[in-house]
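Chemist: This is model-v3.cif (mmCIF, N, CA and C atoms).
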```
data_start
#
loop_
_atom_site.label_atom_id
_atom_site.label_comp_id
_atom_site.auth_asym_id
_atom_site.auth_seq_id
_atom_site.Cartn_x
_atom_site.Cartn_y
_atom_site.Cartn_z
N MET A 1 0.84 -1.17 0.00
CA MET A 1 0.00 0.00 0.00
C MET A 1 0.89 1.24 0.00
N PRO A 2 0.68 2.16 -0.95
CA PRO A 2 1.53 3.35 -1.03
C PRO A 2 1.29 4.30 0.14
N LYS A 3 2.35 5.06 0.41
CA LYS A 3 2.30 6.03 1.50
C LYS A 3 1.50 7.25 1.03
N PRO A 4 0.58 7.76 1.85
CA PRO A 4 -0.20 8.92 1.42
C PRO A 4 0.64 10.19 1.48
N LYS A 5 0.34 11.11 0.61
CA LYS A 5 1.03 12.39 0.57
C LYS A 5 0.63 13.20 1.81
N PRO A 6 1.62 13.95 2.35
CA PRO A 6 1.27 14.75 3.53
C PRO A 6 0.34 15.90 3.15
N ASP A 7 -0.57 16.18 4.06
CA ASP A 7 -1.51 17.26 3.79
C ASP A 7 -1.05 18.59 4.41
N GLN A 8 -0.06 18.55 5.28
CA GLN A 8 0.49 19.77 5.85
C GLN A 8 1.99 19.60 6.09
N VAL A 9 2.70 20.71 6.09
CA VAL A 9 4.14 20.70 6.32
C VAL A 9 4.42 21.41 7.64
N ILE A 10 5.14 20.75 8.51
CA ILE A 10 5.52 21.36 9.79
C ILE A 10 7.00 21.69 9.71
N ARG A 11 7.28 22.94 9.95
CA ARG A 11 8.65 23.40 9.85
C ARG A 11 9.16 23.73 11.25
N HIS A 12 10.32 23.14 11.61
CA HIS A 12 10.96 23.41 12.90
C HIS A 12 12.15 24.32 12.64
N GLU A 13 12.28 25.36 13.42
CA GLU A 13 13.37 26.31 13.24
C GLU A 13 14.12 26.45 14.57
N ILE A 14 15.43 26.34 14.48
CA ILE A 14 16.28 26.51 15.66
C ILE A 14 17.00 27.84 15.50
N VAL A 15 16.83 28.72 16.45
CA VAL A 15 17.44 30.04 16.40
C VAL A 15 18.50 30.10 17.50
N LEU A 16 19.70 30.49 17.10
CA LEU A 16 20.80 30.61 18.06
C LEU A 16 20.91 32.04 18.54
N GLY A 17 21.24 32.18 19.79
CA GLY A 17 21.47 33.51 20.36
C GLY A 17 22.88 33.99 20.06
N ARG A 18 23.17 35.18 20.53
CA ARG A 18 24.48 35.77 20.27
C ARG A 18 25.61 34.94 20.87
N SER A 19 25.43 34.48 22.09
CA SER A 19 26.50 33.71 22.74
C SER A 19 26.74 32.37 22.03
N GLU A 20 25.68 31.73 21.55
CA GLU A 20 25.85 30.47 20.83
C GLU A 20 26.55 30.70 19.49
N ARG A 21 26.21 31.81 18.82
CA ARG A 21 26.89 32.14 17.57
C ARG A 21 28.38 32.40 17.80
N GLU A 22 28.70 33.10 18.89
CA GLU A 22 30.10 33.35 19.20
C GLU A 22 30.85 32.05 19.50
N LEU A 23 30.19 31.13 20.23
CA LEU A 23 30.83 29.84 20.51
C LEU A 23 31.10 29.07 19.22
N ILE A 24 30.15 29.06 18.31
CA ILE A 24 30.34 28.35 17.05
C ILE A 24 31.41 29.04 16.22
N SER A 25 31.42 30.38 16.21
CA SER A 25 32.43 31.12 15.46
C SER A 25 33.82 30.85 16.02
N ASP A 26 33.96 30.84 17.34
CA ASP A 26 35.26 30.55 17.96
C ASP A 26 35.70 29.13 17.67
N GLY A 27 34.76 28.19 17.69
CA GLY A 27 35.09 26.80 17.37
C GLY A 27 35.55 26.65 15.93
N LEU A 28 34.90 27.34 15.01
CA LEU A 28 35.31 27.29 13.60
C LEU A 28 36.68 27.92 13.40
N LEU A 29 36.95 29.02 14.10
CA LEU A 29 38.26 29.65 14.00
C LEU A 29 39.35 28.72 14.52
N ALA A 30 39.10 28.07 15.65
CA ALA A 30 40.09 27.13 16.20
C ALA A 30 40.32 25.96 15.24
N TYR A 31 39.26 25.50 14.61
CA TYR A 31 39.38 24.41 13.64
C TYR A 31 40.21 24.85 12.43
N GLN A 32 39.95 26.05 11.93
CA GLN A 32 40.69 26.54 10.77
C GLN A 32 42.16 26.76 11.10
N VAL A 33 42.45 27.31 12.28
CA VAL A 33 43.84 27.51 12.69
C VAL A 33 44.54 26.17 12.79
N ASN A 34 43.86 25.18 13.35
CA ASN A 34 44.45 23.85 13.47
C ASN A 34 44.72 23.24 12.10
N ARG A 35 43.81 23.43 11.16
CA ARG A 35 43.98 22.87 9.82
C ARG A 35 45.13 23.54 9.07
N ILE A 36 45.42 24.80 9.38
CA ILE A 36 46.52 25.51 8.72
C ILE A 36 47.84 25.26 9.43
N SER A 37 47.82 25.30 10.76
CA SER A 37 49.08 25.23 11.50
C SER A 37 49.69 23.83 11.52
N THR A 38 48.89 22.79 11.47
CA THR A 38 49.44 21.43 11.52
C THR A 38 50.36 21.15 10.34
N PRO A 39 49.98 21.45 9.09
CA PRO A 39 50.93 21.22 7.99
C PRO A 39 52.13 22.16 8.04
N LEU A 40 51.93 23.40 8.51
CA LEU A 40 53.07 24.33 8.60
C LEU A 40 54.10 23.85 9.61
N VAL A 41 53.65 23.34 10.74
CA VAL A 41 54.58 22.84 11.75
C VAL A 41 55.31 21.62 11.20
N ALA A 42 54.59 20.75 10.49
CA ALA A 42 55.24 19.58 9.90
C ALA A 42 56.26 20.01 8.84
N LEU A 43 55.95 21.05 8.09
CA LEU A 43 56.87 21.55 7.06
C LEU A 43 58.13 22.13 7.70
N ILE A 44 57.95 22.92 8.74
CA ILE A 44 59.10 23.56 9.38
C ILE A 44 59.97 22.54 10.10
N SER A 45 59.37 21.49 10.65
CA SER A 45 60.17 20.51 11.37
C SER A 45 60.89 19.54 10.43
N ASP A 46 60.52 19.51 9.17
CA ASP A 46 61.19 18.66 8.19
C ASP A 46 62.46 19.35 7.71
N VAL A 47 63.58 18.65 7.80
CA VAL A 47 64.88 19.24 7.47
C VAL A 47 64.98 19.56 5.98
N SER A 48 64.47 18.68 5.13
CA SER A 48 64.61 18.93 3.68
C SER A 48 63.76 20.13 3.25
N ALA A 49 62.56 20.27 3.79
CA ALA A 49 61.73 21.42 3.44
C ALA A 49 62.33 22.71 3.98
N MET A 50 62.86 22.64 5.20
CA MET A 50 63.48 23.83 5.78
C MET A 50 64.72 24.24 5.01
N SER A 51 65.51 23.25 4.52
CA SER A 51 66.69 23.60 3.74
C SER A 51 66.28 24.27 2.43
N LEU A 52 65.18 23.84 1.84
CA LEU A 52 64.68 24.48 0.63
C LEU A 52 64.24 25.92 0.91
N ILE A 53 63.51 26.12 2.02
CA ILE A 53 63.04 27.46 2.38
C ILE A 53 64.22 28.38 2.68
N LEU A 54 65.17 27.91 3.49
CA LEU A 54 66.32 28.74 3.85
C LEU A 54 67.22 28.99 2.64
N GLY A 55 67.32 28.02 1.73
CA GLY A 55 68.09 28.23 0.51
C GLY A 55 67.46 29.30 -0.36
N ALA A 56 66.14 29.28 -0.46
CA ALA A 56 65.44 30.32 -1.23
C ALA A 56 65.61 31.68 -0.56
N LEU A 57 65.55 31.71 0.76
CA LEU A 57 65.74 32.96 1.49
C LEU A 57 67.16 33.50 1.31
N ALA A 58 68.14 32.60 1.32
CA ALA A 58 69.53 33.02 1.10
C ALA A 58 69.71 33.56 -0.31
N THR A 59 69.10 32.92 -1.28
CA THR A 59 69.17 33.40 -2.66
C THR A 59 68.54 34.77 -2.78
N TYR A 60 67.44 34.98 -2.10
CA TYR A 60 66.77 36.29 -2.11
C TYR A 60 67.69 37.35 -1.51
N TYR A 61 68.38 37.02 -0.42
CA TYR A 61 69.28 37.99 0.20
C TYR A 61 70.59 38.14 -0.55
N GLY A 62 70.90 37.23 -1.46
CA GLY A 62 72.06 37.39 -2.30
C GLY A 62 73.32 36.67 -1.85
N PHE A 63 73.18 35.64 -1.05
CA PHE A 63 74.37 34.87 -0.68
C PHE A 63 74.08 33.39 -0.87
N LYS A 64 75.15 32.61 -0.94
CA LYS A 64 75.02 31.18 -1.18
C LYS A 64 75.02 30.46 0.16
N PHE A 65 73.93 29.76 0.43
CA PHE A 65 73.81 28.97 1.65
C PHE A 65 74.36 27.58 1.36
N GLU A 66 75.49 27.27 1.97
CA GLU A 66 76.15 25.99 1.69
C GLU A 66 75.73 24.95 2.73
N ILE A 67 75.14 23.89 2.22
CA ILE A 67 74.70 22.78 3.07
C ILE A 67 75.73 21.67 2.93
N PRO A 68 76.29 21.17 4.03
CA PRO A 68 77.32 20.13 3.93
C PRO A 68 76.75 18.82 3.39
N GLN A 69 77.64 17.95 2.91
CA GLN A 69 77.23 16.68 2.31
C GLN A 69 76.53 15.76 3.31
N GLN A 70 76.98 15.78 4.58
CA GLN A 70 76.40 14.87 5.55
C GLN A 70 74.99 15.29 5.97
N GLY A 71 74.59 16.51 5.68
CA GLY A 71 73.25 16.97 6.02
C GLY A 71 73.14 17.34 7.48
N TYR A 72 71.92 17.45 7.94
CA TYR A 72 71.64 17.84 9.32
C TYR A 72 70.70 16.83 9.94
N ASP A 73 70.81 16.69 11.26
CA ASP A 73 69.92 15.78 11.98
C ASP A 73 68.61 16.46 12.38
N SER A 74 68.66 17.77 12.56
CA SER A 74 67.44 18.48 12.96
C SER A 74 67.37 19.82 12.24
N ALA A 75 66.17 20.36 12.22
CA ALA A 75 65.96 21.66 11.59
C ALA A 75 66.64 22.76 12.40
N LEU A 76 66.82 22.56 13.69
CA LEU A 76 67.48 23.55 14.52
C LEU A 76 68.96 23.69 14.14
N GLU A 77 69.62 22.57 13.87
CA GLU A 77 71.01 22.62 13.41
C GLU A 77 71.11 23.35 12.07
N LEU A 78 70.15 23.08 11.19
CA LEU A 78 70.12 23.74 9.89
C LEU A 78 69.95 25.25 10.07
N TYR A 79 69.03 25.65 10.93
CA TYR A 79 68.78 27.07 11.16
C TYR A 79 70.01 27.75 11.77
N ASN A 80 70.63 27.10 12.74
CA ASN A 80 71.82 27.68 13.36
C ASN A 80 72.94 27.88 12.35
N ASP A 81 73.14 26.91 11.46
CA ASP A 81 74.16 27.05 10.42
C ASP A 81 73.79 28.18 9.45
N PHE A 82 72.51 28.29 9.13
CA PHE A 82 72.05 29.38 8.27
C PHE A 82 72.36 30.73 8.92
N ARG A 83 72.08 30.89 10.22
CA ARG A 83 72.34 32.15 10.91
C ARG A 83 73.83 32.48 10.92
N ILE A 84 74.68 31.46 11.13
CA ILE A 84 76.13 31.68 11.13
C ILE A 84 76.58 32.18 9.77
N GLN A 85 76.11 31.51 8.70
CA GLN A 85 76.51 31.92 7.36
C GLN A 85 75.94 33.29 7.00
N TYR A 86 74.72 33.57 7.43
CA TYR A 86 74.11 34.86 7.13
C TYR A 86 74.82 35.99 7.87
N ASP A 87 75.17 35.78 9.14
CA ASP A 87 75.90 36.80 9.89
C ASP A 87 77.28 37.05 9.28
N ALA A 88 77.95 35.98 8.83
CA ALA A 88 79.26 36.15 8.17
C ALA A 88 79.09 36.92 6.86
N PHE A 89 78.00 36.67 6.14
CA PHE A 89 77.73 37.39 4.90
C PHE A 89 77.50 38.87 5.17
N LYS A 90 76.74 39.19 6.22
CA LYS A 90 76.47 40.59 6.55
C LYS A 90 77.74 41.34 6.91
N GLU A 91 78.71 40.66 7.53
CA GLU A 91 79.97 41.32 7.88
C GLU A 91 80.83 41.63 6.65
N THR A 92 80.69 40.82 5.60
CA THR A 92 81.53 41.02 4.42
C THR A 92 80.90 41.94 3.39
N VAL A 93 79.64 42.25 3.53
CA VAL A 93 78.96 43.09 2.54
C VAL A 93 79.41 44.53 2.73
N THR A 94 79.81 45.16 1.63
CA THR A 94 80.25 46.55 1.72
C THR A 94 79.11 47.52 1.50
N GLU A 95 78.19 47.19 0.62
CA GLU A 95 77.03 48.06 0.42
C GLU A 95 75.78 47.19 0.33
N ILE A 96 74.72 47.69 0.89
CA ILE A 96 73.46 46.95 0.91
C ILE A 96 72.66 47.38 -0.31
N THR A 97 72.30 46.41 -1.13
CA THR A 97 71.50 46.71 -2.31
C THR A 97 70.05 46.87 -1.90
N PRO A 98 69.29 47.66 -2.63
CA PRO A 98 67.89 47.83 -2.27
C PRO A 98 67.10 46.54 -2.48
N ASP A 99 66.06 46.42 -1.72
CA ASP A 99 65.20 45.25 -1.76
C ASP A 99 64.39 45.24 -3.05
N PRO A 100 64.54 44.21 -3.90
CA PRO A 100 63.81 44.21 -5.18
C PRO A 100 62.30 44.12 -5.01
N ILE A 101 61.84 43.36 -4.04
CA ILE A 101 60.39 43.26 -3.83
C ILE A 101 59.86 44.59 -3.32
N GLY A 102 60.62 45.25 -2.43
CA GLY A 102 60.20 46.57 -1.95
C GLY A 102 60.15 47.59 -3.07
N GLN A 103 61.08 47.50 -4.03
CA GLN A 103 61.06 48.42 -5.17
C GLN A 103 59.82 48.19 -6.03
N ILE A 104 59.49 46.92 -6.28
CA ILE A 104 58.30 46.61 -7.09
C ILE A 104 57.05 47.10 -6.38
N LEU A 105 56.97 46.86 -5.07
CA LEU A 105 55.79 47.31 -4.32
C LEU A 105 55.69 48.82 -4.29
N SER A 106 56.83 49.52 -4.20
CA SER A 106 56.77 50.98 -4.18
C SER A 106 56.36 51.55 -5.53
N ILE A 107 56.62 50.81 -6.63
CA ILE A 107 56.14 51.25 -7.94
C ILE A 107 54.64 51.01 -8.07
N LEU A 108 54.19 49.83 -7.62
CA LEU A 108 52.77 49.49 -7.73
C LEU A 108 51.92 50.28 -6.74
N ILE A 109 52.42 50.45 -5.52
CA ILE A 109 51.70 51.16 -4.47
C ILE A 109 52.55 52.37 -4.08
N PRO A 110 52.22 53.55 -4.58
CA PRO A 110 53.09 54.72 -4.34
C PRO A 110 53.26 55.06 -2.87
N THR A 111 52.30 54.72 -2.01
CA THR A 111 52.41 55.07 -0.60
C THR A 111 53.18 54.02 0.20
N TYR A 112 53.63 52.95 -0.45
CA TYR A 112 54.36 51.88 0.25
C TYR A 112 55.77 52.33 0.57
N ARG A 113 56.13 52.27 1.84
CA ARG A 113 57.50 52.56 2.27
C ARG A 113 57.97 51.41 3.12
N PRO A 114 58.94 50.64 2.67
CA PRO A 114 59.39 49.52 3.48
C PRO A 114 60.08 50.00 4.75
N PHE A 115 59.91 49.26 5.82
CA PHE A 115 60.52 49.62 7.10
C PHE A 115 61.97 49.16 7.09
N THR A 116 62.87 50.10 7.12
CA THR A 116 64.29 49.76 7.09
C THR A 116 64.92 49.82 8.46
N GLY A 117 64.26 50.45 9.41
CA GLY A 117 64.81 50.57 10.75
C GLY A 117 65.67 51.80 10.93
N ALA A 118 65.93 52.55 9.85
CA ALA A 118 66.79 53.73 9.96
C ALA A 118 66.12 54.85 10.75
N ASN A 119 64.82 55.01 10.60
CA ASN A 119 64.11 56.08 11.28
C ASN A 119 63.32 55.57 12.47
N ARG A 120 63.72 54.45 13.01
CA ARG A 120 63.01 53.88 14.14
C ARG A 120 63.25 54.74 15.37
N PRO A 121 62.17 55.09 16.12
CA PRO A 121 62.37 55.94 17.29
C PRO A 121 63.08 55.18 18.41
N ASP A 122 63.82 55.91 19.20
CA ASP A 122 64.52 55.34 20.33
C ASP A 122 63.48 55.03 21.41
N PRO A 123 63.40 53.78 21.90
CA PRO A 123 62.36 53.45 22.88
C PRO A 123 62.59 54.10 24.24
N PHE A 124 63.80 54.59 24.50
CA PHE A 124 64.08 55.19 25.79
C PHE A 124 63.78 56.68 25.82
N ILE A 125 63.49 57.27 24.67
CA ILE A 125 63.11 58.68 24.61
C ILE A 125 61.62 58.72 24.31
N PRO A 126 60.81 59.24 25.22
CA PRO A 126 59.37 59.25 24.97
C PRO A 126 59.03 60.13 23.79
N GLN A 127 58.17 59.63 22.92
CA GLN A 127 57.75 60.36 21.73
C GLN A 127 56.39 61.01 22.01
N VAL A 128 56.30 62.30 21.85
CA VAL A 128 55.04 63.02 22.06
C VAL A 128 54.63 63.62 20.73
N GLU A 129 53.47 63.18 20.22
CA GLU A 129 53.02 63.67 18.92
C GLU A 129 52.44 65.07 19.02
N ASN A 130 51.61 65.33 20.02
CA ASN A 130 51.00 66.64 20.18
C ASN A 130 51.13 67.04 21.65
N PRO A 131 52.05 67.95 21.98
CA PRO A 131 52.25 68.28 23.40
C PRO A 131 51.05 68.96 24.03
N ASP A 132 50.12 69.51 23.22
CA ASP A 132 48.93 70.14 23.80
C ASP A 132 47.98 69.10 24.38
N ILE A 133 47.98 67.90 23.81
CA ILE A 133 47.08 66.85 24.28
C ILE A 133 47.70 66.13 25.48
N TYR A 134 48.98 65.82 25.40
CA TYR A 134 49.65 65.08 26.46
C TYR A 134 50.93 65.81 26.84
N VAL A 135 50.90 66.40 28.00
CA VAL A 135 52.08 67.09 28.49
C VAL A 135 52.81 66.11 29.41
N PRO A 136 54.03 65.68 29.04
CA PRO A 136 54.71 64.68 29.85
C PRO A 136 55.19 65.28 31.17
N THR A 137 54.79 64.65 32.26
CA THR A 137 55.26 65.03 33.58
C THR A 137 55.58 63.77 34.35
N GLY A 138 56.45 63.87 35.32
CA GLY A 138 56.75 62.71 36.16
C GLY A 138 57.74 61.78 35.50
N SER A 139 57.46 60.49 35.58
CA SER A 139 58.37 59.50 35.02
C SER A 139 57.63 58.63 34.02
N ASN A 140 58.39 58.04 33.15
CA ASN A 140 57.84 57.17 32.13
C ASN A 140 57.36 55.88 32.78
N PRO A 141 56.07 55.52 32.67
CA PRO A 141 55.58 54.31 33.35
C PRO A 141 56.14 53.02 32.76
N VAL A 142 56.61 53.04 31.52
CA VAL A 142 57.13 51.83 30.90
C VAL A 142 58.57 51.58 31.31
N PHE A 143 59.40 52.61 31.24
CA PHE A 143 60.82 52.43 31.49
C PHE A 143 61.27 52.96 32.85
N GLY A 144 60.41 53.73 33.52
CA GLY A 144 60.75 54.27 34.83
C GLY A 144 61.74 55.43 34.79
N SER A 145 62.10 55.88 33.61
CA SER A 145 63.04 56.99 33.49
C SER A 145 62.30 58.31 33.57
N PRO A 146 62.95 59.37 34.04
CA PRO A 146 62.26 60.67 34.10
C PRO A 146 62.03 61.22 32.71
N ILE A 147 60.91 61.89 32.56
CA ILE A 147 60.55 62.44 31.25
C ILE A 147 61.07 63.86 31.16
#
```
Could you express the structure from this file as structure tokens?
Modeler:
Amino acid sequence: MPKPKPDQVIRHEIVLGRSERELISDGLLAYQVNRISTPLVALISDVSAMSLILGALATYYGFKFEIPQQGYDSALELYNDFRIQYDAFKETVTEITPDPIGQILSILIPTYRPFTGANRPDPFIPQVENPDIYVPTGSNPVFGSPI
């Protein structure tokens, strides 16, 4: 005997409040971070992948990163050797060439200025943008030095 067609449709609706939406949103964010960070951590802990990344980084900076024939047992040894070679390279460089990616970005985006660290403010000297709004008196709460 065939099933009769329904004569009415009952619709059930579940409405979530703000706190439930925030819980679901936070759970989704944690899931997405986990899905992204797990492969990245595996990539960084792999010596062969790290040697490829550091070799590309060395090529970008303009020096040859020499990896010995015996290889490395851990990514930390590889990184330490990279830092030693990079520091030795920085000591031998007579002039620093401009960053090619920064030059391309400055052409494409006229307001782009790469941070070189040359105009970085001294953290021990308090910087006051508008003395009418904030008149420094007393001592610096961060460093404890007199202003």
Chemist: Could you jot down the atom CA of A:Glu77 to atom CA of A:Ile44 separation for me, Å, one decimal place?
Modeler: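 Between atom CA of A:Glu77 and atom CA of A:Ile44 the gap works out to 12.6 Å.
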Chemist: Figure out the distance between atom CA of A:Leu108 and atom CA of A:Tyr60, please, to one decimal in Å.
Modeler: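 Calculated distance between atom CA of A:Tyr60 and atom CA of A:Leu108 is 20.0 Å.
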Chemist: Mind giving me the straight-line distance from atom C of A:Val41 to atom N of A:Phe89 in Å, one decimal?
Modeler: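 About the pair atom C of A:Val41 and atom N of A:Phe89: they are 27.7 Å apart.
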